[in-house]
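> Here's a structure for you.
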Amino acid sequence: MSRRQVFLPPDCLPTRLAISVLVASLALIVSPISAQTRNPFSTDSKATKAGEFEFRINCALCHGLGARGGGRGPDLTRAHKHHGDADGDLFRNISQGIPGTAMPANGTNGQGVGMTDEEIWQIITYLRSIQVKAPLKNLGNAGHGKELFYGDANCSTCHMVEGKGGRVGPDLTSVGVSRTVDSLVESVRKPSERLAWGLTEPTKEFAQRYETVTVVTPDGQEIKGVTLNEDSFSLQLMDTAEQIHLFEKDKLRSIQKSRESLMPSYDMGTLSDRDLNDIIAYLLAVNAQ
């Protein structure tokens, strides 16, 4: 649709000037708080408290009560954040979400309520108040951890980092920013304690969790793997050899699901604390690049 241009005659110069001034004034009046790149509440202690309250309602489900990370969201107390460190970056990420991640746009995930621009800035004020100033200490030897990941520890048999590795388990490329160190340790020592989130689908509020499924085919063959997609009539799974199978449910002899992870528990006898720290240091280093 084309826009019509309004032409004023030359003798209407004062009118033109008045219109220009009016437009400029209105732009200043209606300029939204979200257009700012710096937090207008950065020195407001009351905003910090209000932001903590808003965070608990809208953000803690994924990022944890203290913003130190949860099963779905990264640790937000770190000085360096994977998708931008500036106040404007944080505002954009909270307001618009982060494409390709589980971070939804403001007010679209069914948790809490849609926040105003002012409330988002208050959350940012709160996050700045708890941000760790000192850089994280090296947990271990990242170089040795990479060797273990693709070697003796056999992590890459099931897990992928930056496009290299297996597909049966979760992709660990971004796990260094999405999970806390403690939760990573738990995932290795007790993999069935909290199963990781699976594939994200646009039609789902949150991704399904990885779960082990065992089916018995009409000819008696038993196949074990992880669910990729499922509806009322069909089941798609990936087996431990990374082969993908699609079944019609009513033709299977049985379908059994388990909350036990396919990943074995790595106790101290299998993987020492030192080696585990090196592997985690490698995963953290991937996101620090």
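Residues are referred to by chain and number: the chain letter is A, B, ... according to the order shown in the structure tokens, the number counts from 1 in that chain, and ligands are numbered separately from 1 in the order shown.
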For A:Glu186, find every residue with an atom within 12 Å (counting only C-alpha atoms), except residues of its own chain fewer than 5 positions away, and show them as a PyMOL selection string.

chain A and resi 71+179-181+191-196+265-267+273+276+280

> What's around stretch 218-229 of chain A at 6 Å? Count only C-alpha atoms, leave out sequence neighbours fewer than 2 positions away in its own chain, and write the answer as a list of chain:residue names.

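Selected residues are A:Glu211, A:Thr212, A:Val213, A:Thr214, A:Val215, A:Val216, A:Gln236, A:Leu237, A:Met238, A:Asp239, A:Thr240, A:Leu252, A:Arg253.
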
> Put those residues in a file: N, CA, C and O atoms, as an mmCIF file, in the first residue's frame.


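This went into result09.cif:
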data_model
loop_
_atom_site.group_PDB
_atom_site.id
_atom_site.type_symbol
_atom_site.label_atom_id
_atom_site.label_comp_id
_atom_site.auth_asym_id
_atom_site.auth_seq_id
_atom_site.Cartn_x
_atom_site.Cartn_y
_atom_site.Cartn_z
ATOM 1 N N GLU A 211 13.782 -39.662 27.714
ATOM 2 C CA GLU A 211 13.366 -40.828 28.479
ATOM 3 C C GLU A 211 13.680 -42.073 27.661
ATOM 4 O O GLU A 211 13.708 -42.028 26.431
ATOM 5 N N THR A 212 13.930 -43.157 28.358
ATOM 6 C CA THR A 212 14.244 -44.413 27.692
ATOM 7 C C THR A 212 12.944 -45.120 27.323
ATOM 8 O O THR A 212 12.024 -45.208 28.134
ATOM 9 N N VAL A 213 12.873 -45.594 26.103
ATOM 10 C CA VAL A 213 11.690 -46.336 25.663
ATOM 11 C C VAL A 213 12.143 -47.652 25.038
ATOM 12 O O VAL A 213 13.141 -47.696 24.305
ATOM 13 N N THR A 214 11.444 -48.721 25.372
ATOM 14 C CA THR A 214 11.739 -50.048 24.824
ATOM 15 C C THR A 214 10.485 -50.570 24.146
ATOM 16 O O THR A 214 9.408 -50.598 24.754
ATOM 17 N N VAL A 215 10.611 -50.935 22.883
ATOM 18 C CA VAL A 215 9.460 -51.476 22.148
ATOM 19 C C VAL A 215 9.770 -52.908 21.718
ATOM 20 O O VAL A 215 10.935 -53.284 21.526
ATOM 21 N N VAL A 216 8.701 -53.681 21.577
ATOM 22 C CA VAL A 216 8.814 -55.036 21.033
ATOM 23 C C VAL A 216 7.998 -55.066 19.750
ATOM 24 O O VAL A 216 6.794 -54.786 19.751
ATOM 25 N N GLN A 236 8.305 -42.369 17.222
ATOM 26 C CA GLN A 236 9.597 -42.326 16.545
ATOM 27 C C GLN A 236 10.686 -42.341 17.602
ATOM 28 O O GLN A 236 10.654 -41.548 18.545
ATOM 29 N N LEU A 237 11.625 -43.257 17.465
ATOM 30 C CA LEU A 237 12.716 -43.323 18.442
ATOM 31 C C LEU A 237 14.050 -43.503 17.746
ATOM 32 O O LEU A 237 14.132 -43.953 16.605
ATOM 33 N N MET A 238 15.100 -43.118 18.487
ATOM 34 C CA MET A 238 16.471 -43.357 18.032
ATOM 35 C C MET A 238 17.084 -44.399 18.944
ATOM 36 O O MET A 238 17.079 -44.236 20.169
ATOM 37 N N ASP A 239 17.595 -45.487 18.366
ATOM 38 C CA ASP A 239 18.183 -46.534 19.189
ATOM 39 C C ASP A 239 19.627 -46.188 19.549
ATOM 40 O O ASP A 239 20.153 -45.144 19.154
ATOM 41 N N THR A 240 20.253 -47.048 20.324
ATOM 42 C CA THR A 240 21.601 -46.768 20.832
ATOM 43 C C THR A 240 22.655 -46.756 19.730
ATOM 44 O O THR A 240 23.769 -46.288 19.946
ATOM 45 N N LEU A 252 2.626 -52.665 17.505
ATOM 46 C CA LEU A 252 3.705 -53.124 18.387
ATOM 47 C C LEU A 252 3.158 -54.078 19.449
ATOM 48 O O LEU A 252 2.030 -53.923 19.915
ATOM 49 N N ARG A 253 3.977 -55.022 19.843
ATOM 50 C CA ARG A 253 3.574 -55.943 20.907
ATOM 51 C C ARG A 253 3.528 -55.226 22.257
ATOM 52 O O ARG A 253 2.627 -55.451 23.058
#

> Please provide as a list in words all residues within 12 Å of A:Ile98, with the sequence filter that same-chain residues fewer than 5 positions apart are discarded (counting only C-alpha atoms).

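Contacts, in chain order: Gly73, His82, His83, Gly84, Asp89, Leu90, Phe91, Arg92, Asn93, Met103, Pro104, Ala105 and Asn106 of chain A.
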
> Go ahead and write the residues just picked, C-alpha atoms, as a PDB file, in the first residue's frame.


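As written to disk, selection.pdb reads:
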ATOM      1  CA  GLY A  73      18.186 -21.791  32.057  1.00  0.00           C
ATOM      2  CA  HIS A  82      26.533 -15.978  26.140  1.00  0.00           C
ATOM      3  CA  HIS A  83      23.991 -13.746  24.378  1.00  0.00           C
ATOM      4  CA  GLY A  84      25.293 -10.344  25.415  1.00  0.00           C
ATOM      5  CA  ASP A  89      21.301  -7.059  25.434  1.00  0.00           C
ATOM      6  CA  LEU A  90      19.633  -8.326  28.598  1.00  0.00           C
ATOM      7  CA  PHE A  91      16.523  -6.264  27.930  1.00  0.00           C
ATOM      8  CA  ARG A  92      16.268  -7.575  24.373  1.00  0.00           C
ATOM      9  CA  ASN A  93      16.741 -11.194  25.474  1.00  0.00           C
ATOM     10  CA  MET A 103      14.201 -18.710  26.254  1.00  0.00           C
ATOM     11  CA  PRO A 104      10.704 -17.463  25.300  1.00  0.00           C
ATOM     12  CA  ALA A 105       9.611 -13.926  24.563  1.00  0.00           C
ATOM     13  CA  ASN A 106       8.136 -11.985  27.459  1.00  0.00           C
TER      14      ASN A 106
END

> Nearest to A:Thr37: which of A:Ala86, A:Ala67, A:Ala102, A:Ile130 is it, counting only C-alpha atoms?

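The shortest atom-to-atom distance to A:Thr37 comes from A:Ala86.
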
> Interatomic distance between atom CA of A:Asn141 and atom CA of A:Ser272?

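Calculated distance between atom CA of A:Asn141 and atom CA of A:Ser272 is 13.5 Å.
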
> Taking the chain letters and numbering used in this document, name the residues of stretch 25-272 of chain A that DSSP puts in strand (DSSP E), as number ranges by chain.

A: 160-161, 164-165, 212-216, 222-230, 234-239, 244-248, 254-258

> Write a file of the selected residues as a tab-separated table (two decimals), in the first residue's frame, keeping N, CA and C atoms.


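Output file selection38.tsv follows:
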chain	number	residue	atom	x	y	z
A	160	MET	N	27.19	-34.72	21.54
A	160	MET	CA	27.84	-33.92	20.51
A	160	MET	C	28.23	-32.56	21.08
A	161	VAL	N	29.39	-32.05	20.63
A	161	VAL	CA	29.82	-30.69	20.93
A	161	VAL	C	30.26	-30.05	19.62
A	164	LYS	N	30.31	-32.33	16.51
A	164	LYS	CA	31.13	-33.53	16.51
A	164	LYS	C	30.74	-34.43	17.68
A	165	GLY	N	30.37	-35.67	17.37
A	165	GLY	CA	30.01	-36.62	18.42
A	165	GLY	C	28.71	-37.34	18.10
A	212	THR	N	13.93	-43.16	28.36
A	212	THR	CA	14.24	-44.41	27.69
A	212	THR	C	12.94	-45.12	27.32
A	213	VAL	N	12.87	-45.59	26.10
A	213	VAL	CA	11.69	-46.34	25.66
A	213	VAL	C	12.14	-47.65	25.04
A	214	THR	N	11.44	-48.72	25.37
A	214	THR	CA	11.74	-50.05	24.82
A	214	THR	C	10.49	-50.57	24.15
A	215	VAL	N	10.61	-50.93	22.88
A	215	VAL	CA	9.46	-51.48	22.15
A	215	VAL	C	9.77	-52.91	21.72
A	216	VAL	N	8.70	-53.68	21.58
A	216	VAL	CA	8.81	-55.04	21.03
A	216	VAL	C	8.00	-55.07	19.75
A	222	GLU	N	13.30	-56.68	20.19
A	222	GLU	CA	13.28	-55.64	21.22
A	222	GLU	C	14.23	-54.51	20.82
A	223	ILE	N	13.74	-53.30	20.81
A	223	ILE	CA	14.54	-52.13	20.44
A	223	ILE	C	14.45	-51.10	21.55
A	224	LYS	N	15.61	-50.63	22.00
A	224	LYS	CA	15.65	-49.65	23.09
A	224	LYS	C	16.30	-48.37	22.57
A	225	GLY	N	15.78	-47.23	23.01
A	225	GLY	CA	16.36	-45.96	22.60
A	225	GLY	C	15.70	-44.80	23.32
A	226	VAL	N	15.72	-43.63	22.67
A	226	VAL	CA	15.09	-42.43	23.24
A	226	VAL	C	14.02	-41.94	22.28
A	227	THR	N	12.95	-41.39	22.85
A	227	THR	CA	11.84	-40.88	22.05
A	227	THR	C	12.23	-39.59	21.32
A	228	LEU	N	11.96	-39.55	20.04
A	228	LEU	CA	12.17	-38.32	19.27
A	228	LEU	C	10.85	-37.59	19.08
A	229	ASN	N	9.83	-38.32	18.63
A	229	ASN	CA	8.49	-37.75	18.44
A	229	ASN	C	7.46	-38.82	18.77
A	230	GLU	N	6.32	-38.36	19.25
A	230	GLU	CA	5.26	-39.29	19.59
A	230	GLU	C	3.91	-38.58	19.53
A	234	SER	N	1.55	-42.92	16.61
A	234	SER	CA	2.88	-43.33	16.16
A	234	SER	C	3.95	-42.97	17.18
A	235	LEU	N	5.09	-43.62	17.04
A	235	LEU	CA	6.23	-43.39	17.92
A	235	LEU	C	7.50	-43.42	17.09
A	236	GLN	N	8.31	-42.37	17.22
A	236	GLN	CA	9.60	-42.33	16.55
A	236	GLN	C	10.69	-42.34	17.60
A	237	LEU	N	11.63	-43.26	17.46
A	237	LEU	CA	12.72	-43.32	18.44
A	237	LEU	C	14.05	-43.50	17.75
A	238	MET	N	15.10	-43.12	18.49
A	238	MET	CA	16.47	-43.36	18.03
A	238	MET	C	17.08	-44.40	18.94
A	239	ASP	N	17.59	-45.49	18.37
A	239	ASP	CA	18.18	-46.53	19.19
A	239	ASP	C	19.63	-46.19	19.55
A	244	ILE	N	17.14	-44.53	13.40
A	244	ILE	CA	15.83	-43.95	13.69
A	244	ILE	C	14.74	-44.91	13.20
A	245	HIS	N	13.77	-45.15	14.07
A	245	HIS	CA	12.67	-46.07	13.75
A	245	HIS	C	11.35	-45.34	13.92
A	246	LEU	N	10.41	-45.64	13.04
A	246	LEU	CA	9.06	-45.10	13.15
A	246	LEU	C	8.08	-46.27	13.22
A	247	PHE	N	7.28	-46.29	14.28
A	247	PHE	CA	6.36	-47.40	14.51
A	247	PHE	C	4.92	-46.90	14.59
A	248	GLU	N	4.02	-47.74	14.14
A	248	GLU	CA	2.60	-47.54	14.42
A	248	GLU	C	2.31	-48.26	15.73
A	254	SER	N	4.51	-54.33	22.48
A	254	SER	CA	4.53	-53.60	23.75
A	254	SER	C	5.38	-52.34	23.61
A	255	ILE	N	5.05	-51.37	24.46
A	255	ILE	CA	5.83	-50.13	24.57
A	255	ILE	C	6.05	-49.89	26.06
A	256	GLN	N	7.31	-49.81	26.44
A	256	GLN	CA	7.63	-49.59	27.86
A	256	GLN	C	8.55	-48.38	28.00
A	257	LYS	N	8.12	-47.41	28.81
A	257	LYS	CA	8.92	-46.21	29.04
A	257	LYS	C	9.53	-46.26	30.42
A	258	SER	N	10.71	-45.67	30.54
A	258	SER	CA	11.43	-45.70	31.81
A	258	SER	C	12.06	-44.35	32.09

> Extract, using only C-alpha atoms, all DNA, RNA and protein residues at most 12 Å from A:Gly143, discarding same-chain residues fewer than 5 positions from it, and format them as a list in words.

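Answer for this query is Asn138, Leu148, Phe149, Tyr150, Asp275, Asn277, Asp278, Ile279, Ile280, Ala281, Tyr282, Leu283, Leu284, Ala285 and Val286 of chain A.
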
> Stretch 46-52 of chain A: which residues within 12 Å, counting only C-alpha atoms, same-chain residues fewer than 3 positions away excluded, as a ChimeraX atom specification?

/A:39-43,55-60,64-67,115-130

> Can you work out which one of A:Lys249, A:Gly163, A:Thr173, A:Glu54 has the shortest atom-to-atom distance to A:Ser232, counting only C-alpha atoms?

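That would be A:Lys249, the residue with the smallest distance to A:Ser232.
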
> So what do you get for atom CA of A:Asn154 versus atom CA of A:Gln243, distance-wise?

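Between these atoms lies a distance of 18.9 Å.
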
> Tell me, in Å to one decimal, how far atom CA of A:Gly69 is from atom CA of A:Ile94.

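Result for atom CA of A:Gly69 versus atom CA of A:Ile94: 15.4 Å, one decimal.
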